[in-house]
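Listing of work00.txt, compact mmCIF, N, CA and C atoms
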# COMPACT_ATOMS: atom_id res chain seq x y z
N MET L 1428 -23.43 -10.50 -32.26
CA MET L 1428 -23.73 -10.98 -30.93
C MET L 1428 -25.05 -10.32 -30.48
N ASP L 1429 -26.03 -11.12 -30.09
CA ASP L 1429 -27.32 -10.57 -29.67
C ASP L 1429 -27.27 -10.11 -28.21
N GLU L 1430 -28.33 -9.45 -27.74
CA GLU L 1430 -28.39 -8.91 -26.39
C GLU L 1430 -28.18 -9.96 -25.31
N GLN L 1431 -28.78 -11.15 -25.50
CA GLN L 1431 -28.67 -12.21 -24.50
C GLN L 1431 -27.22 -12.65 -24.32
N GLU L 1432 -26.48 -12.79 -25.42
CA GLU L 1432 -25.08 -13.19 -25.35
C GLU L 1432 -24.24 -12.11 -24.69
N LYS L 1433 -24.53 -10.84 -24.97
CA LYS L 1433 -23.79 -9.74 -24.36
C LYS L 1433 -23.95 -9.74 -22.85
N LYS L 1434 -25.18 -9.95 -22.38
CA LYS L 1434 -25.45 -9.95 -20.95
C LYS L 1434 -24.75 -11.10 -20.24
N SER L 1435 -24.69 -12.25 -20.85
CA SER L 1435 -24.10 -13.42 -20.19
C SER L 1435 -22.58 -13.43 -20.26
N SER L 1436 -21.98 -12.61 -21.12
CA SER L 1436 -20.52 -12.64 -21.26
C SER L 1436 -19.81 -11.69 -20.30
N GLY L 1437 -20.55 -10.89 -19.52
CA GLY L 1437 -19.92 -9.95 -18.60
C GLY L 1437 -19.49 -10.60 -17.30
N PHE L 1438 -18.73 -9.87 -16.53
CA PHE L 1438 -18.29 -10.32 -15.22
C PHE L 1438 -19.19 -9.72 -14.16
N LYS L 1439 -19.33 -10.40 -13.08
CA LYS L 1439 -20.08 -9.87 -11.94
C LYS L 1439 -19.08 -9.49 -10.86
N ILE L 1440 -19.06 -8.23 -10.52
CA ILE L 1440 -18.13 -7.73 -9.53
C ILE L 1440 -18.93 -7.27 -8.32
N VAL L 1441 -18.59 -7.79 -7.16
CA VAL L 1441 -19.26 -7.40 -5.93
C VAL L 1441 -18.24 -6.76 -5.01
N ASP L 1442 -18.49 -5.53 -4.64
CA ASP L 1442 -17.60 -4.79 -3.75
C ASP L 1442 -17.91 -5.21 -2.32
N ARG L 1443 -16.99 -5.91 -1.69
CA ARG L 1443 -17.21 -6.42 -0.34
C ARG L 1443 -16.36 -5.69 0.70
N ARG L 1444 -15.85 -4.54 0.34
CA ARG L 1444 -15.08 -3.77 1.31
C ARG L 1444 -15.99 -3.27 2.43
N ARG L 1445 -15.43 -3.20 3.63
CA ARG L 1445 -16.20 -2.76 4.80
C ARG L 1445 -16.53 -1.27 4.76
N VAL L 1446 -15.71 -0.49 4.08
CA VAL L 1446 -15.91 0.96 4.07
C VAL L 1446 -16.06 1.47 2.65
N ASP L 1447 -16.73 2.62 2.50
CA ASP L 1447 -16.88 3.22 1.19
C ASP L 1447 -15.68 4.11 0.88
N GLU L 1448 -15.75 4.85 -0.23
CA GLU L 1448 -14.61 5.68 -0.65
C GLU L 1448 -14.34 6.84 0.30
N HIS L 1449 -15.27 7.13 1.22
CA HIS L 1449 -15.09 8.20 2.20
C HIS L 1449 -14.65 7.67 3.56
N GLY L 1450 -14.44 6.36 3.67
CA GLY L 1450 -14.01 5.78 4.93
C GLY L 1450 -15.16 5.45 5.87
N GLU L 1451 -16.39 5.59 5.40
CA GLU L 1451 -17.56 5.30 6.22
C GLU L 1451 -17.90 3.82 6.14
N ASP L 1452 -18.37 3.24 7.26
CA ASP L 1452 -18.80 1.85 7.26
C ASP L 1452 -19.98 1.67 6.32
N ARG L 1453 -19.98 0.55 5.61
CA ARG L 1453 -21.07 0.25 4.69
C ARG L 1453 -21.87 -0.94 5.20
N ASP L 1454 -23.12 -1.00 4.82
CA ASP L 1454 -23.96 -2.15 5.10
C ASP L 1454 -23.80 -3.09 3.92
N LEU L 1455 -23.07 -4.18 4.10
CA LEU L 1455 -22.76 -5.09 3.00
C LEU L 1455 -23.99 -5.79 2.44
N GLU L 1456 -25.05 -5.87 3.21
CA GLU L 1456 -26.26 -6.54 2.75
C GLU L 1456 -26.98 -5.71 1.69
N GLN L 1457 -26.79 -4.38 1.69
CA GLN L 1457 -27.52 -3.52 0.78
C GLN L 1457 -26.73 -3.17 -0.47
N THR L 1458 -25.54 -3.66 -0.63
CA THR L 1458 -24.76 -3.32 -1.82
C THR L 1458 -25.26 -4.10 -3.01
N GLU L 1459 -25.26 -3.44 -4.16
CA GLU L 1459 -25.70 -4.07 -5.38
C GLU L 1459 -24.47 -4.44 -6.20
N PRO L 1460 -24.46 -5.62 -6.80
CA PRO L 1460 -23.32 -6.00 -7.61
C PRO L 1460 -23.24 -5.16 -8.88
N VAL L 1461 -22.00 -4.92 -9.31
CA VAL L 1461 -21.76 -4.17 -10.53
C VAL L 1461 -21.41 -5.17 -11.62
N LYS L 1462 -22.09 -5.08 -12.75
CA LYS L 1462 -21.80 -5.99 -13.85
C LYS L 1462 -21.00 -5.23 -14.89
N ARG L 1463 -19.91 -5.84 -15.33
CA ARG L 1463 -19.05 -5.23 -16.33
C ARG L 1463 -18.70 -6.25 -17.39
N THR L 1464 -18.48 -5.77 -18.59
CA THR L 1464 -18.05 -6.64 -19.68
C THR L 1464 -16.55 -6.81 -19.58
N PRO L 1465 -15.99 -7.82 -20.25
CA PRO L 1465 -14.53 -7.99 -20.21
C PRO L 1465 -13.76 -6.76 -20.66
N ALA L 1466 -14.29 -6.02 -21.64
CA ALA L 1466 -13.60 -4.82 -22.11
C ALA L 1466 -13.55 -3.75 -21.03
N GLU L 1467 -14.59 -3.68 -20.21
CA GLU L 1467 -14.63 -2.69 -19.15
C GLU L 1467 -13.70 -3.04 -18.00
N THR L 1468 -13.32 -4.29 -17.87
CA THR L 1468 -12.46 -4.72 -16.77
C THR L 1468 -11.02 -4.90 -17.20
N ALA L 1469 -10.65 -4.34 -18.33
CA ALA L 1469 -9.29 -4.52 -18.84
C ALA L 1469 -8.24 -3.98 -17.89
N SER L 1470 -8.52 -2.90 -17.22
CA SER L 1470 -7.58 -2.30 -16.29
C SER L 1470 -8.30 -1.98 -14.98
N PRO L 1471 -8.57 -3.00 -14.17
CA PRO L 1471 -9.36 -2.78 -12.96
C PRO L 1471 -8.70 -1.84 -11.96
N ALA L 1472 -7.40 -1.84 -11.84
CA ALA L 1472 -6.74 -0.98 -10.86
C ALA L 1472 -6.97 0.49 -11.18
N ARG L 1473 -6.95 0.82 -12.43
CA ARG L 1473 -7.16 2.21 -12.83
C ARG L 1473 -8.62 2.63 -12.66
N GLU L 1474 -9.56 1.70 -12.90
CA GLU L 1474 -10.97 2.04 -12.81
C GLU L 1474 -11.45 2.11 -11.37
N VAL L 1475 -10.96 1.24 -10.52
CA VAL L 1475 -11.43 1.19 -9.14
C VAL L 1475 -10.98 2.42 -8.38
N ALA L 1476 -9.72 2.79 -8.50
CA ALA L 1476 -9.21 3.94 -7.75
C ALA L 1476 -8.22 4.74 -8.58
N PRO L 1477 -8.70 5.43 -9.63
CA PRO L 1477 -7.74 6.17 -10.45
C PRO L 1477 -7.05 7.29 -9.70
N GLU L 1478 -7.72 7.89 -8.70
CA GLU L 1478 -7.09 8.98 -7.96
C GLU L 1478 -5.93 8.48 -7.12
N VAL L 1479 -5.96 7.23 -6.67
CA VAL L 1479 -4.88 6.68 -5.85
C VAL L 1479 -3.65 6.46 -6.71
N SER L 1480 -3.82 5.84 -7.88
CA SER L 1480 -2.66 5.53 -8.70
C SER L 1480 -2.02 6.79 -9.27
N SER L 1481 -2.81 7.80 -9.59
CA SER L 1481 -2.22 9.00 -10.16
C SER L 1481 -1.67 9.95 -9.10
N ALA L 1482 -2.25 9.93 -7.91
CA ALA L 1482 -1.80 10.85 -6.87
C ALA L 1482 -0.66 10.28 -6.04
N ALA L 1483 -0.48 8.96 -6.05
CA ALA L 1483 0.51 8.33 -5.19
C ALA L 1483 1.94 8.54 -5.68
N ALA L 1484 2.11 8.78 -6.96
CA ALA L 1484 3.46 8.89 -7.50
C ALA L 1484 3.50 9.99 -8.54
N PRO L 1485 4.70 10.50 -8.80
CA PRO L 1485 4.84 11.52 -9.83
C PRO L 1485 4.44 10.97 -11.19
N GLU L 1486 4.13 11.87 -12.11
CA GLU L 1486 3.69 11.45 -13.44
C GLU L 1486 4.72 10.53 -14.09
N GLY L 1487 4.26 9.43 -14.65
CA GLY L 1487 5.14 8.49 -15.31
C GLY L 1487 5.76 7.47 -14.38
N ALA L 1488 5.67 7.67 -13.07
CA ALA L 1488 6.29 6.75 -12.11
C ALA L 1488 5.27 5.88 -11.40
N ALA L 1489 3.99 5.97 -11.78
CA ALA L 1489 2.94 5.23 -11.08
C ALA L 1489 3.15 3.72 -11.18
N ASP L 1490 3.66 3.25 -12.29
CA ASP L 1490 3.85 1.82 -12.48
C ASP L 1490 5.26 1.36 -12.12
N GLU L 1491 6.15 2.30 -11.81
CA GLU L 1491 7.53 1.96 -11.56
C GLU L 1491 7.73 1.59 -10.09
N ILE L 1492 8.23 0.40 -9.86
CA ILE L 1492 8.59 -0.02 -8.51
C ILE L 1492 9.99 -0.62 -8.60
N ASN L 1493 10.82 -0.23 -7.68
CA ASN L 1493 12.16 -0.79 -7.63
C ASN L 1493 12.50 -1.05 -6.17
N PHE L 1494 13.67 -1.55 -5.91
CA PHE L 1494 14.06 -1.91 -4.56
C PHE L 1494 14.03 -0.69 -3.63
N SER L 1495 14.55 0.42 -4.09
CA SER L 1495 14.59 1.63 -3.25
C SER L 1495 13.20 2.12 -2.89
N SER L 1496 12.29 2.15 -3.85
CA SER L 1496 10.94 2.63 -3.55
C SER L 1496 10.21 1.65 -2.62
N PHE L 1497 10.50 0.36 -2.75
CA PHE L 1497 9.91 -0.63 -1.85
C PHE L 1497 10.40 -0.41 -0.42
N ILE L 1498 11.69 -0.21 -0.25
CA ILE L 1498 12.26 0.02 1.08
C ILE L 1498 11.72 1.32 1.68
N VAL L 1499 11.60 2.35 0.88
CA VAL L 1499 11.06 3.62 1.36
C VAL L 1499 9.60 3.45 1.78
N SER L 1500 8.83 2.64 1.04
CA SER L 1500 7.43 2.43 1.43
C SER L 1500 7.35 1.67 2.76
N LEU L 1501 8.22 0.70 2.97
CA LEU L 1501 8.24 0.00 4.26
C LEU L 1501 8.66 0.95 5.38
N ALA L 1502 9.62 1.81 5.10
CA ALA L 1502 10.08 2.77 6.12
C ALA L 1502 8.96 3.74 6.47
N THR L 1503 8.21 4.19 5.48
CA THR L 1503 7.08 5.08 5.73
C THR L 1503 6.03 4.39 6.59
N GLN L 1504 5.80 3.13 6.30
CA GLN L 1504 4.86 2.35 7.10
C GLN L 1504 5.33 2.27 8.55
N ALA L 1505 6.61 2.02 8.75
CA ALA L 1505 7.15 1.94 10.11
C ALA L 1505 7.03 3.29 10.82
N LEU L 1506 7.28 4.37 10.11
CA LEU L 1506 7.16 5.70 10.72
C LEU L 1506 5.72 6.01 11.11
N MET L 1507 4.77 5.57 10.30
CA MET L 1507 3.36 5.76 10.67
C MET L 1507 3.01 4.92 11.90
N GLN L 1508 3.56 3.70 11.97
CA GLN L 1508 3.30 2.84 13.12
C GLN L 1508 3.93 3.41 14.39
N LEU L 1509 5.03 4.13 14.24
CA LEU L 1509 5.69 4.77 15.38
C LEU L 1509 5.02 6.09 15.76
N GLY L 1510 4.14 6.58 14.90
CA GLY L 1510 3.49 7.86 15.15
C GLY L 1510 4.31 9.04 14.73
N GLN L 1511 5.37 8.82 13.96
CA GLN L 1511 6.26 9.90 13.51
C GLN L 1511 5.74 10.57 12.25
N VAL L 1512 4.93 9.87 11.47
CA VAL L 1512 4.36 10.39 10.24
C VAL L 1512 2.86 10.19 10.32
N LYS L 1513 2.11 11.22 9.93
CA LYS L 1513 0.66 11.11 9.94
C LYS L 1513 0.20 10.21 8.80
N PRO L 1514 -0.80 9.36 9.06
CA PRO L 1514 -1.34 8.51 7.99
C PRO L 1514 -2.13 9.37 7.00
N PRO L 1515 -2.50 8.80 5.86
CA PRO L 1515 -3.28 9.55 4.87
C PRO L 1515 -4.59 10.06 5.47
N PRO L 1516 -5.15 11.12 4.91
CA PRO L 1516 -6.41 11.66 5.42
C PRO L 1516 -7.50 10.58 5.42
N GLY L 1517 -8.27 10.57 6.49
CA GLY L 1517 -9.35 9.61 6.61
C GLY L 1517 -8.95 8.28 7.20
N VAL L 1518 -7.66 8.09 7.48
CA VAL L 1518 -7.18 6.84 8.05
C VAL L 1518 -6.74 7.10 9.49
N ASP L 1519 -7.30 6.33 10.40
CA ASP L 1519 -6.92 6.45 11.80
C ASP L 1519 -5.99 5.29 12.13
N LEU L 1520 -4.72 5.59 12.30
CA LEU L 1520 -3.73 4.56 12.56
C LEU L 1520 -3.08 4.84 13.91
N PRO L 1521 -3.44 4.07 14.93
CA PRO L 1521 -2.84 4.30 16.25
C PRO L 1521 -1.37 3.87 16.27
N VAL L 1522 -0.64 4.40 17.21
CA VAL L 1522 0.76 3.99 17.39
C VAL L 1522 0.76 2.52 17.78
N ASP L 1523 1.57 1.75 17.08
CA ASP L 1523 1.65 0.30 17.32
C ASP L 1523 3.12 -0.09 17.32
N MET L 1524 3.70 -0.11 18.52
CA MET L 1524 5.14 -0.37 18.65
C MET L 1524 5.53 -1.77 18.17
N MET L 1525 4.68 -2.75 18.43
CA MET L 1525 4.99 -4.12 18.00
C MET L 1525 4.99 -4.23 16.47
N ALA L 1526 4.03 -3.59 15.83
CA ALA L 1526 3.99 -3.60 14.36
C ALA L 1526 5.18 -2.84 13.79
N ALA L 1527 5.54 -1.73 14.44
CA ALA L 1527 6.70 -0.95 13.99
C ALA L 1527 7.97 -1.79 14.11
N ARG L 1528 8.10 -2.49 15.23
CA ARG L 1528 9.28 -3.34 15.43
C ARG L 1528 9.35 -4.43 14.35
N GLN L 1529 8.20 -5.01 14.03
CA GLN L 1529 8.17 -6.06 13.02
C GLN L 1529 8.55 -5.50 11.65
N THR L 1530 8.05 -4.32 11.31
CA THR L 1530 8.39 -3.71 10.03
C THR L 1530 9.87 -3.38 9.96
N ILE L 1531 10.42 -2.86 11.05
CA ILE L 1531 11.86 -2.55 11.10
C ILE L 1531 12.67 -3.84 10.97
N ASP L 1532 12.22 -4.91 11.61
CA ASP L 1532 12.90 -6.20 11.50
C ASP L 1532 12.85 -6.74 10.07
N ILE L 1533 11.75 -6.51 9.37
CA ILE L 1533 11.64 -6.94 7.97
C ILE L 1533 12.65 -6.19 7.12
N ILE L 1534 12.75 -4.88 7.32
CA ILE L 1534 13.73 -4.09 6.55
C ILE L 1534 15.15 -4.54 6.89
N SER L 1535 15.41 -4.83 8.16
CA SER L 1535 16.73 -5.31 8.57
C SER L 1535 17.05 -6.65 7.93
N MET L 1536 16.06 -7.53 7.88
CA MET L 1536 16.25 -8.83 7.24
C MET L 1536 16.57 -8.66 5.75
N LEU L 1537 15.83 -7.76 5.09
CA LEU L 1537 16.11 -7.51 3.68
C LEU L 1537 17.52 -6.95 3.49
N TYR L 1538 17.96 -6.11 4.42
CA TYR L 1538 19.31 -5.55 4.36
C TYR L 1538 20.35 -6.66 4.45
N GLU L 1539 20.17 -7.57 5.40
CA GLU L 1539 21.11 -8.68 5.57
C GLU L 1539 21.09 -9.64 4.38
N LYS L 1540 19.91 -9.95 3.89
CA LYS L 1540 19.78 -10.94 2.81
C LYS L 1540 20.22 -10.41 1.45
N THR L 1541 20.26 -9.08 1.28
CA THR L 1541 20.63 -8.53 -0.02
C THR L 1541 22.05 -7.99 -0.06
N LYS L 1542 22.81 -8.14 1.03
CA LYS L 1542 24.20 -7.66 1.04
C LYS L 1542 24.97 -8.29 -0.12
N GLY L 1543 25.71 -7.44 -0.80
CA GLY L 1543 26.50 -7.90 -1.93
C GLY L 1543 25.73 -7.92 -3.24
N ASN L 1544 24.42 -7.71 -3.19
CA ASN L 1544 23.61 -7.72 -4.40
C ASN L 1544 23.03 -6.35 -4.73
N LEU L 1545 23.36 -5.36 -3.94
CA LEU L 1545 22.82 -4.01 -4.14
C LEU L 1545 23.89 -3.09 -4.71
N ASP L 1546 23.45 -2.07 -5.44
CA ASP L 1546 24.43 -1.07 -5.84
C ASP L 1546 24.69 -0.15 -4.64
N LYS L 1547 25.66 0.72 -4.75
CA LYS L 1547 26.08 1.55 -3.61
C LYS L 1547 24.95 2.44 -3.09
N GLU L 1548 24.15 3.00 -3.98
CA GLU L 1548 23.06 3.88 -3.56
C GLU L 1548 22.01 3.10 -2.78
N GLU L 1549 21.64 1.92 -3.27
CA GLU L 1549 20.64 1.10 -2.58
C GLU L 1549 21.15 0.65 -1.21
N GLU L 1550 22.41 0.24 -1.17
CA GLU L 1550 22.99 -0.20 0.10
C GLU L 1550 23.04 0.95 1.11
N HIS L 1551 23.43 2.11 0.65
CA HIS L 1551 23.48 3.28 1.55
C HIS L 1551 22.08 3.64 2.03
N LEU L 1552 21.09 3.61 1.13
CA LEU L 1552 19.72 3.95 1.49
C LEU L 1552 19.18 3.01 2.56
N ILE L 1553 19.31 1.72 2.35
CA ILE L 1553 18.74 0.77 3.30
C ILE L 1553 19.48 0.81 4.64
N GLU L 1554 20.78 1.01 4.59
CA GLU L 1554 21.56 1.11 5.83
C GLU L 1554 21.13 2.33 6.64
N GLU L 1555 20.97 3.46 5.98
CA GLU L 1555 20.52 4.67 6.66
C GLU L 1555 19.12 4.52 7.23
N ILE L 1556 18.24 3.89 6.46
CA ILE L 1556 16.86 3.70 6.91
C ILE L 1556 16.82 2.79 8.13
N VAL L 1557 17.53 1.67 8.08
CA VAL L 1557 17.53 0.74 9.21
C VAL L 1557 18.06 1.44 10.46
N ASN L 1558 19.17 2.14 10.35
CA ASN L 1558 19.75 2.81 11.52
C ASN L 1558 18.83 3.90 12.06
N SER L 1559 18.24 4.68 11.18
CA SER L 1559 17.34 5.75 11.59
C SER L 1559 16.08 5.20 12.27
N LEU L 1560 15.50 4.15 11.69
CA LEU L 1560 14.29 3.56 12.28
C LEU L 1560 14.59 2.92 13.63
N ARG L 1561 15.72 2.26 13.74
CA ARG L 1561 16.09 1.66 15.03
C ARG L 1561 16.24 2.74 16.10
N PHE L 1562 16.89 3.84 15.74
CA PHE L 1562 17.08 4.94 16.67
C PHE L 1562 15.74 5.53 17.11
N GLN L 1563 14.85 5.76 16.15
CA GLN L 1563 13.53 6.32 16.47
C GLN L 1563 12.70 5.35 17.31
N PHE L 1564 12.84 4.05 17.04
CA PHE L 1564 12.12 3.06 17.83
C PHE L 1564 12.60 3.09 19.28
N ILE L 1565 13.92 3.17 19.47
CA ILE L 1565 14.48 3.21 20.83
C ILE L 1565 14.02 4.46 21.55
N GLN L 1566 13.97 5.58 20.85
CA GLN L 1566 13.51 6.84 21.46
C GLN L 1566 12.05 6.76 21.90
N LYS L 1567 11.23 6.06 21.13
CA LYS L 1567 9.79 5.97 21.45
C LYS L 1567 9.48 4.87 22.48
N THR L 1568 10.44 3.97 22.71
CA THR L 1568 10.20 2.86 23.66
C THR L 1568 10.22 3.39 25.07
N PRO L 1569 9.15 3.10 25.86
CA PRO L 1569 9.13 3.55 27.25
C PRO L 1569 10.22 2.87 28.07
N ARG L 1570 10.76 3.60 29.02
CA ARG L 1570 11.84 3.04 29.84
C ARG L 1570 11.36 2.73 31.21

Using structure tokens, write down the structure from this file.
Amino acid sequence: MDEQEKKSSGFKIVDRRRVDEHGEDRDLEQTEPVKRTPAETASPAREVAPEVSSAAAPEGAADEINFSSFIVSLATQALMQLGQVKPPPGVDLPVDMMAARQTIDIISMLYEKTKGNLDKEEEHLIEEIVNSLRFQFIQKTPR
């Protein structure tokens, strides 16, 4: 394969995110596209943010997702929306009661729709999460 064929066989990747890796606003007009060959783009998730995938979960569990971890991630999101848990560093997430209510309602809907299809541990986990989040939401609601 000659040089001309190599250049034309790559992908053109343009990062259009509003913020850079430090959370700072970027000027999208000044960004330069990154050209990569198909071999370089084999695992884009790992190349774009390897620190996120390796730091987010214990070793060996980065690719593992199951019902319990999904429910826990939704619960964490609801707690951040309620202001009970601090968001990750560099992220400013104001308290949003309506978003928290919607997230709690989503978890409640999943609880109702999956009844009879969960094992005892999953059922206990989601039931405890729904009840705890509802209680915390009521406590944070102005009277």

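You will find atom CA of L:Lys1540 at 19.0 Å from atom CA of L:Ser1559.
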
message = My list of candidates is L:Glu1451, L:Thr1541, L:Thr1530, L:Leu1509. Which is closest to L:Gln1566 when distances are computed with only C-alpha atoms?
response =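 Answer, going by the shortest atom-to-atom distance: L:Leu1509.
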
key: Distance in Å - atom CA of L:Leu1552 versus atom CA of L:Leu1520   =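 Rounded to one decimal, the two atoms are 25.9 Å apart.
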
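Counting only N, CA and C atoms, the residue from L:Asn1544, L:Ile1531, L:Asn1493, L:Glu1549 that sits nearest to L:Arg1561 is L:Ile1531.
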
query = Using only N, CA and C atoms, which of the listed residues (L:Arg1528, L:Ala1502, L:Gln1511, L:Leu1545) sits closest to L:Val1557?
reply =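 For L:Val1557, the nearest of the candidates is L:Ala1502.
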
note = Shortest contact to L:Asp1523, candidates L:Lys1567, L:Arg1444, L:Lys1542, L:Lys1547, atoms counted only C-alpha atoms, goes to L:Lys1567

task = Just give me the gap between atom C of L:Ser1535 and atom N of L:Thr1568 in Å, one decimal is fine.
result =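 Computing the Euclidean distance for atom C of L:Ser1535 and atom N of L:Thr1568 yields 19.4 Å.
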
All residues 10 Å or closer to L:Met1507, only C-alpha atoms, same chain fewer than 3 positions away omitted, as a ChimeraX atom specification = /L:1501-1504,1510-1515,1520-1523,1527

Which centre and edge lengths in Å to one decimal define the box along x, y and z that fits every listed atom of stretch 1543-1556 of chain L plus 6 Å per side, as JSON?
{"center_x": 21.7, "center_y": -1.6, "center_z": 1.1, "size_x": 21.7, "size_y": 24.6, "size_z": 26.0}

Nearest-residue call for L:Met1524, choices L:Asp1546, L:Ile1553, L:Glu1539, L:Gln1508, using all atoms listed in the file = L:Gln1508
